[in-house]
Amino acid sequence: MAKPAVSVTPYWELTFDADGDPDSGKRDRLLAGVARQDVRDLIVFAHGWNNDRSTATRLYDRFFAPIPQLAPAAKIGYVGVVWPSMRFSDEPIPDFPRAVAAELAPRPALDKDTRHALLETFPGRATVIDQIARLLDQQPREEAELEEFGRLVRMLVDVVPPGPQVLFAADTLAEGVPQNSPDMLSGSVAAVCEEFAQALAHLEAPDRTPEGAPDGTPGGAASFSLPNPWDGAHELLRQATYYAMKRRAGTVGERGLGRVVGQLAARAPQVRVHLVGHSFGARLVSFALRGLPKGVRTVKSVTLLQGAFSHYAFASRLPHDARAGGVLEGQHNRIDGPLVCCHSRHDSALSTMYPLASRMAGDARGVAALGVGRMLGAKWGAMGHGGVQAVPGTRSFGLADALQAKLPASGCVNIDAAAVVRRGGPPAGAHSDIVHRELAQVVLAAGRIK
């Protein structure tokens, strides 16, 4: 097999299946290579909801590219984690090519690339996916058809094989007990679709000013018509599949990456490991801490880029429920260094859609889309929108200050990265705008790599 097109060296690829089992050949090459080569610091990056190896590899190549110049004397090795996730092709990634199919497909129709990703992610469900695609294409007016759409989506995401994945725990106890499908599908699907459609219309309003209308027209085209509930149905499918990926990220981190880091510590105890994760990959590397063998202290830093999981995940007590805590309570203490969380207010996926979907997972009652981030963010917010919350001693920095100051040697650190993480259209906003020299500098600063 051809070597991945990554410019930095030495580089290893580490691949896991949905149950967290590694490709043994790639794992063994990593363990042997790191032990054999003169590597002092190993940066391990886990992607978010990319659906194929090539997209993840391009991300790693571009993110790692400035590091040799930033730390020319450092003896650094690089690892790209590849795990079975997926991305809807209609989500633009800044500076990455967008699928032609996604450009041509009218919303809310399901483009061919996204359909292919669903088929790969949920094998054996081709008939269900075809029925979902047909309804999105036809957009029937009857409410019963929206309910049928919800039934099909439930069938799709409920197909989680029995085994380790059922051990998935919500980010906080307040988000519910382990489950195989989000509760957002258990109530009125039509109401949920309407609510998602309203949120989408709110996000897109600045870009939908009708031709000829004066600049700054409030609400744009969204002011002239009610949102299409089938736009909300498309978003419901997106969020439901993300719940499956969110569940999988925790499994791969705890059962997969955490164990490999432990094996590496036994093989090359002098190597300092630095975990980096984007989106659900941030969740993956965080759960890897829970999977570390007892006594392993080789993880020297963890950097979360637009983390798509609860900002209370590391809390021992929740502000709204003192009896409950985060699923990763105290796990940041497994790091022999800091846990650094980069966040941005320009991340629409996490500022609006994530808290809305998280609230729906445990409460089917609607709220107005306008101001949803303000209304829901405190209880249902994500790491990548507001940073780590409810962990005593957490320090906060702006990006410029973080790059000039010496970051804390331990504990949780929030960095407002909105100065660079700011590009991207709806529905995700700047969620994937992470390829920046400044963020590579943050990784080096967190790990004290020079």
# chains A, B, ... in the order shown; residues from 1 in each chain; ligands from 1
>>> closest_atom_pairs(of="region 381-409 of chain A", to="region 440-450 of chain A", cutoff="8 Å", atoms="only C-alpha atoms", output="Markdown table")
| residue | atom | partner | partner_atom | distance |
| --- | --- | --- | --- | --- |
| A:Ala402 | CA | A:Val442 | CA | 7.6 |
| A:Leu403 | CA | A:Val442 | CA | 6.7 |
| A:Lys406 | CA | A:Ala445 | CA | 7.4 |
| A:Leu407 | CA | A:Ala446 | CA | 6.5 |
>>> write_last_selection(atoms="N, CA and C atoms", output="JSON list (two decimals), in the first residue's frame")
[["chain", "number", "residue", "atom", "x", "y", "z"],
["A", 402, "ALA", "N", -2.26, 33.56, 24.73],
["A", 402, "ALA", "CA", -1.83, 32.18, 24.95],
["A", 402, "ALA", "C", -0.52, 31.89, 24.23],
["A", 403, "LEU", "N", -0.34, 32.50, 23.06],
["A", 403, "LEU", "CA", 0.88, 32.25, 22.29],
["A", 403, "LEU", "C", 2.08, 33.01, 22.84],
["A", 406, "LYS", "N", 3.39, 31.63, 28.96],
["A", 406, "LYS", "CA", 3.71, 30.23, 29.22],
["A", 406, "LYS", "C", 2.47, 29.59, 29.79],
["A", 407, "LEU", "N", 1.93, 28.60, 29.09],
["A", 407, "LEU", "CA", 0.68, 27.98, 29.52],
["A", 407, "LEU", "C", 0.89, 27.22, 30.83]]
>>> residues_around(residues="Val6 (chain A)", least_positions_apart="4", cutoff="10 Å", atoms="only C-alpha atoms", output="PyMOL selection string")
chain A and resi 10-12+57-62+64-65+78+80
>>> residues_around(residues="region 133-138 of chain A", least_positions_apart="2", cutoff="8 Å", atoms="only C-alpha atoms", output="list in words")
Pro108, Ala109, Leu110, Arg115, Ile129, Asp130, Gln131, Pro140, Glu145, Phe149, Trp230, Ala233 and His234 of chain A
>>> residues_around(residues="Pro229 (chain A)", least_positions_apart="4", cutoff="6 Å", atoms="only C-alpha atoms", output="PyMOL selection string")
chain A and resi 193-194+197
>>> residues_around(residues="Gly232 (chain A)", least_positions_apart="3", cutoff="10 Å", atoms="only C-alpha atoms", output="count of residues only")
21
>>> atom_distance(atom1="CA of Val44 (chain A)", atom2="CA of Val82 (chain A)")
10.8 Å
>>> closest_residue(among="A:Leu70, A:Leu31, A:Val285, A:Ala18", to="Pro123 (chain A)", atoms="only C-alpha atoms")
A:Ala18
>>> select_by_dssp(residues="region 23-72 of chain A", states="alpha helix (DSSP H)", output="list in words")
Ser24, Gly25, Lys26, Arg27, Asp28, Arg29, Leu30, Leu31, Ala32, Gly33, Val34, Ala35, Arg36, Arg53, Ser54, Thr55, Ala56, Thr57, Arg58, Leu59, Tyr60, Asp61, Arg62, Phe63, Phe64, Ile67, Pro68, Gln69 and Leu70 of chain A
>>> atom_distance(atom1="CA of Ala249 (chain A)", atom2="CA of Gly424 (chain A)")
23.8 Å
>>> residues_around(residues="Ser348 (chain A)", least_positions_apart="2", cutoff="6 Å", atoms="only C-alpha atoms", output="short mmCIF file (atom, residue, chain, number, x, y, z; two decimals) with all heavy atoms, in the first residue's frame")
data_model
loop_
_atom_site.label_atom_id
_atom_site.label_comp_id
_atom_site.auth_asym_id
_atom_site.auth_seq_id
_atom_site.Cartn_x
_atom_site.Cartn_y
_atom_site.Cartn_z
N HIS A 346 -17.71 31.37 16.51
CA HIS A 346 -18.12 31.28 15.11
C HIS A 346 -18.48 29.86 14.69
O HIS A 346 -18.82 29.62 13.53
CB HIS A 346 -17.00 31.81 14.21
CG HIS A 346 -16.59 33.22 14.51
ND1 HIS A 346 -17.46 34.28 14.43
CD2 HIS A 346 -15.40 33.73 14.92
CE1 HIS A 346 -16.82 35.40 14.77
NE2 HIS A 346 -15.58 35.09 15.07
N LEU A 350 -21.62 23.98 16.90
CA LEU A 350 -21.57 23.79 18.35
C LEU A 350 -22.32 24.87 19.11
O LEU A 350 -22.78 24.62 20.23
CB LEU A 350 -20.11 23.74 18.83
CG LEU A 350 -19.27 22.62 18.23
CD1 LEU A 350 -17.88 22.62 18.86
CD2 LEU A 350 -19.92 21.26 18.40
N SER A 351 -22.47 26.05 18.53
CA SER A 351 -23.16 27.12 19.25
C SER A 351 -24.67 27.02 19.15
O SER A 351 -25.39 27.46 20.04
CB SER A 351 -22.72 28.48 18.72
OG SER A 351 -23.14 28.67 17.38
N THR A 352 -25.17 26.42 18.07
CA THR A 352 -26.61 26.34 17.87
C THR A 352 -27.10 24.91 17.75
O THR A 352 -27.93 24.46 18.53
CB THR A 352 -27.02 27.13 16.61
OG1 THR A 352 -26.69 28.51 16.80
CG2 THR A 352 -28.51 27.01 16.35
N ALA A 428 -22.62 24.44 9.66
CA ALA A 428 -21.54 24.16 10.61
C ALA A 428 -20.74 25.40 11.00
O ALA A 428 -20.03 25.39 12.00
CB ALA A 428 -20.59 23.10 10.04
N GLY A 429 -20.82 26.47 10.19
CA GLY A 429 -20.02 27.64 10.49
C GLY A 429 -18.53 27.32 10.44
O GLY A 429 -18.07 26.61 9.55
#
>>> closest_residue(among="A:Ser54, A:Arg125, A:Gly256, A:Phe63", to="Glu438 (chain A)", atoms="only C-alpha atoms")
A:Phe63
>>> select_by_dssp(residues="region 296-346 of chain A", states="strand (DSSP E)", output="list in words")
Val299, Lys300, Ser301, Val302, Thr303, Leu304, Leu305, Pro338, Leu339, Val340, Cys341, Cys342 and His343 of chain A
>>> decode(residues="region 249-265 of chain A", atoms="all heavy atoms", output="PDB file, in the first residue's frame")
ATOM      1  N   ALA A 249     -16.934   7.423  18.816  1.00  0.00           N
ATOM      2  CA  ALA A 249     -15.693   8.103  19.176  1.00  0.00           C
ATOM      3  C   ALA A 249     -15.256   7.734  20.591  1.00  0.00           C
ATOM      4  O   ALA A 249     -14.067   7.513  20.852  1.00  0.00           O
ATOM      5  CB  ALA A 249     -15.876   9.616  19.048  1.00  0.00           C
ATOM      6  N   GLY A 250     -16.199   7.669  21.525  1.00  0.00           N
ATOM      7  CA  GLY A 250     -15.851   7.276  22.887  1.00  0.00           C
ATOM      8  C   GLY A 250     -15.322   5.864  22.951  1.00  0.00           C
ATOM      9  O   GLY A 250     -14.353   5.570  23.671  1.00  0.00           O
ATOM     10  N   THR A 251     -15.951   4.955  22.189  1.00  0.00           N
ATOM     11  CA  THR A 251     -15.509   3.561  22.169  1.00  0.00           C
ATOM     12  C   THR A 251     -14.100   3.428  21.618  1.00  0.00           C
ATOM     13  O   THR A 251     -13.240   2.748  22.193  1.00  0.00           O
ATOM     14  CB  THR A 251     -16.480   2.718  21.317  1.00  0.00           C
ATOM     15  OG1 THR A 251     -17.771   2.734  21.926  1.00  0.00           O
ATOM     16  CG2 THR A 251     -16.011   1.275  21.206  1.00  0.00           C
ATOM     17  N   VAL A 252     -13.844   4.093  20.475  1.00  0.00           N
ATOM     18  CA  VAL A 252     -12.523   4.003  19.847  1.00  0.00           C
ATOM     19  C   VAL A 252     -11.452   4.606  20.753  1.00  0.00           C
ATOM     20  O   VAL A 252     -10.345   4.078  20.863  1.00  0.00           O
ATOM     21  CB  VAL A 252     -12.538   4.698  18.474  1.00  0.00           C
ATOM     22  CG1 VAL A 252     -11.141   4.770  17.873  1.00  0.00           C
ATOM     23  CG2 VAL A 252     -13.466   3.958  17.510  1.00  0.00           C
ATOM     24  N   GLY A 253     -11.800   5.706  21.436  1.00  0.00           N
ATOM     25  CA  GLY A 253     -10.821   6.309  22.333  1.00  0.00           C
ATOM     26  C   GLY A 253     -10.481   5.428  23.507  1.00  0.00           C
ATOM     27  O   GLY A 253      -9.304   5.168  23.795  1.00  0.00           O
ATOM     28  N   GLU A 254     -11.512   4.940  24.199  1.00  0.00           N
ATOM     29  CA  GLU A 254     -11.274   4.173  25.422  1.00  0.00           C
ATOM     30  C   GLU A 254     -10.727   2.785  25.150  1.00  0.00           C
ATOM     31  O   GLU A 254      -9.755   2.349  25.779  1.00  0.00           O
ATOM     32  CB  GLU A 254     -12.570   4.088  26.223  1.00  0.00           C
ATOM     33  CG  GLU A 254     -12.404   3.394  27.571  1.00  0.00           C
ATOM     34  CD  GLU A 254     -13.630   3.521  28.439  1.00  0.00           C
ATOM     35  OE1 GLU A 254     -14.583   4.214  28.038  1.00  0.00           O
ATOM     36  OE2 GLU A 254     -13.636   2.931  29.537  1.00  0.00           O
ATOM     37  N   ARG A 255     -11.340   2.076  24.223  1.00  0.00           N
ATOM     38  CA  ARG A 255     -10.929   0.687  23.958  1.00  0.00           C
ATOM     39  C   ARG A 255      -9.767   0.591  22.996  1.00  0.00           C
ATOM     40  O   ARG A 255      -9.064  -0.416  22.971  1.00  0.00           O
ATOM     41  CB  ARG A 255     -12.099  -0.112  23.410  1.00  0.00           C
ATOM     42  CG  ARG A 255     -13.286  -0.262  24.345  1.00  0.00           C
ATOM     43  CD  ARG A 255     -14.257  -1.301  23.827  1.00  0.00           C
ATOM     44  NE  ARG A 255     -13.689  -2.638  23.894  1.00  0.00           N
ATOM     45  CZ  ARG A 255     -13.332  -3.369  22.841  1.00  0.00           C
ATOM     46  NH1 ARG A 255     -13.448  -2.885  21.631  1.00  0.00           N
ATOM     47  NH2 ARG A 255     -12.853  -4.579  22.990  1.00  0.00           N
ATOM     48  N   GLY A 256      -9.579   1.643  22.173  1.00  0.00           N
ATOM     49  CA  GLY A 256      -8.559   1.589  21.138  1.00  0.00           C
ATOM     50  C   GLY A 256      -7.338   2.415  21.438  1.00  0.00           C
ATOM     51  O   GLY A 256      -6.285   1.894  21.814  1.00  0.00           O
ATOM     52  N   LEU A 257      -7.458   3.728  21.299  1.00  0.00           N
ATOM     53  CA  LEU A 257      -6.288   4.596  21.424  1.00  0.00           C
ATOM     54  C   LEU A 257      -5.677   4.551  22.808  1.00  0.00           C
ATOM     55  O   LEU A 257      -4.442   4.542  22.952  1.00  0.00           O
ATOM     56  CB  LEU A 257      -6.677   6.036  21.059  1.00  0.00           C
ATOM     57  CG  LEU A 257      -5.537   7.053  21.080  1.00  0.00           C
ATOM     58  CD1 LEU A 257      -4.408   6.646  20.147  1.00  0.00           C
ATOM     59  CD2 LEU A 257      -6.055   8.443  20.741  1.00  0.00           C
ATOM     60  N   GLY A 258      -6.506   4.534  23.867  1.00  0.00           N
ATOM     61  CA  GLY A 258      -5.951   4.486  25.217  1.00  0.00           C
ATOM     62  C   GLY A 258      -5.057   3.281  25.432  1.00  0.00           C
ATOM     63  O   GLY A 258      -3.979   3.380  26.037  1.00  0.00           O
ATOM     64  N   ARG A 259      -5.483   2.134  24.906  1.00  0.00           N
ATOM     65  CA  ARG A 259      -4.676   0.913  25.062  1.00  0.00           C
ATOM     66  C   ARG A 259      -3.379   0.993  24.265  1.00  0.00           C
ATOM     67  O   ARG A 259      -2.317   0.559  24.737  1.00  0.00           O
ATOM     68  CB  ARG A 259      -5.496  -0.295  24.629  1.00  0.00           C
ATOM     69  CG  ARG A 259      -6.678  -0.596  25.542  1.00  0.00           C
ATOM     70  CD  ARG A 259      -7.457  -1.803  25.057  1.00  0.00           C
ATOM     71  NE  ARG A 259      -8.607  -2.076  25.932  1.00  0.00           N
ATOM     72  CZ  ARG A 259      -9.467  -3.063  25.740  1.00  0.00           C
ATOM     73  NH1 ARG A 259      -9.311  -3.882  24.698  1.00  0.00           N
ATOM     74  NH2 ARG A 259     -10.472  -3.261  26.572  1.00  0.00           N
ATOM     75  N   VAL A 260      -3.439   1.564  23.057  1.00  0.00           N
ATOM     76  CA  VAL A 260      -2.227   1.673  22.244  1.00  0.00           C
ATOM     77  C   VAL A 260      -1.222   2.620  22.906  1.00  0.00           C
ATOM     78  O   VAL A 260      -0.018   2.345  22.913  1.00  0.00           O
ATOM     79  CB  VAL A 260      -2.574   2.142  20.818  1.00  0.00           C
ATOM     80  CG1 VAL A 260      -1.294   2.438  20.032  1.00  0.00           C
ATOM     81  CG2 VAL A 260      -3.390   1.084  20.085  1.00  0.00           C
ATOM     82  N   VAL A 261      -1.715   3.713  23.483  1.00  0.00           N
ATOM     83  CA  VAL A 261      -0.810   4.618  24.192  1.00  0.00           C
ATOM     84  C   VAL A 261      -0.161   3.886  25.372  1.00  0.00           C
ATOM     85  O   VAL A 261       1.030   4.072  25.665  1.00  0.00           O
ATOM     86  CB  VAL A 261      -1.554   5.871  24.670  1.00  0.00           C
ATOM     87  CG1 VAL A 261      -0.672   6.722  25.581  1.00  0.00           C
ATOM     88  CG2 VAL A 261      -2.013   6.709  23.474  1.00  0.00           C
ATOM     89  N   GLY A 262      -0.916   3.025  26.038  1.00  0.00           N
ATOM     90  CA  GLY A 262      -0.353   2.220  27.116  1.00  0.00           C
ATOM     91  C   GLY A 262       0.717   1.265  26.613  1.00  0.00           C
ATOM     92  O   GLY A 262       1.767   1.091  27.247  1.00  0.00           O
ATOM     93  N   GLN A 263       0.476   0.629  25.462  1.00  0.00           N
ATOM     94  CA  GLN A 263       1.469  -0.273  24.873  1.00  0.00           C
ATOM     95  C   GLN A 263       2.722   0.485  24.467  1.00  0.00           C
ATOM     96  O   GLN A 263       3.840  -0.011  24.627  1.00  0.00           O
ATOM     97  CB  GLN A 263       0.851  -0.988  23.668  1.00  0.00           C
ATOM     98  CG  GLN A 263      -0.266  -1.950  24.045  1.00  0.00           C
ATOM     99  CD  GLN A 263      -1.089  -2.385  22.851  1.00  0.00           C
ATOM    100  OE1 GLN A 263      -0.968  -1.852  21.750  1.00  0.00           O
ATOM    101  NE2 GLN A 263      -1.969  -3.355  23.067  1.00  0.00           N
ATOM    102  N   LEU A 264       2.531   1.684  23.966  1.00  0.00           N
ATOM    103  CA  LEU A 264       3.677   2.507  23.584  1.00  0.00           C
ATOM    104  C   LEU A 264       4.489   2.897  24.813  1.00  0.00           C
ATOM    105  O   LEU A 264       5.728   2.902  24.772  1.00  0.00           O
ATOM    106  CB  LEU A 264       3.176   3.764  22.864  1.00  0.00           C
ATOM    107  CG  LEU A 264       4.231   4.762  22.415  1.00  0.00           C
ATOM    108  CD1 LEU A 264       5.159   4.129  21.388  1.00  0.00           C
ATOM    109  CD2 LEU A 264       3.574   6.007  21.831  1.00  0.00           C
ATOM    110  N   ALA A 265       3.811   3.196  25.920  1.00  0.00           N
ATOM    111  CA  ALA A 265       4.518   3.548  27.148  1.00  0.00           C
ATOM    112  C   ALA A 265       5.385   2.395  27.641  1.00  0.00           C
ATOM    113  O   ALA A 265       6.479   2.607  28.169  1.00  0.00           O
ATOM    114  CB  ALA A 265       3.521   3.957  28.227  1.00  0.00           C
TER     115      ALA A 265
END
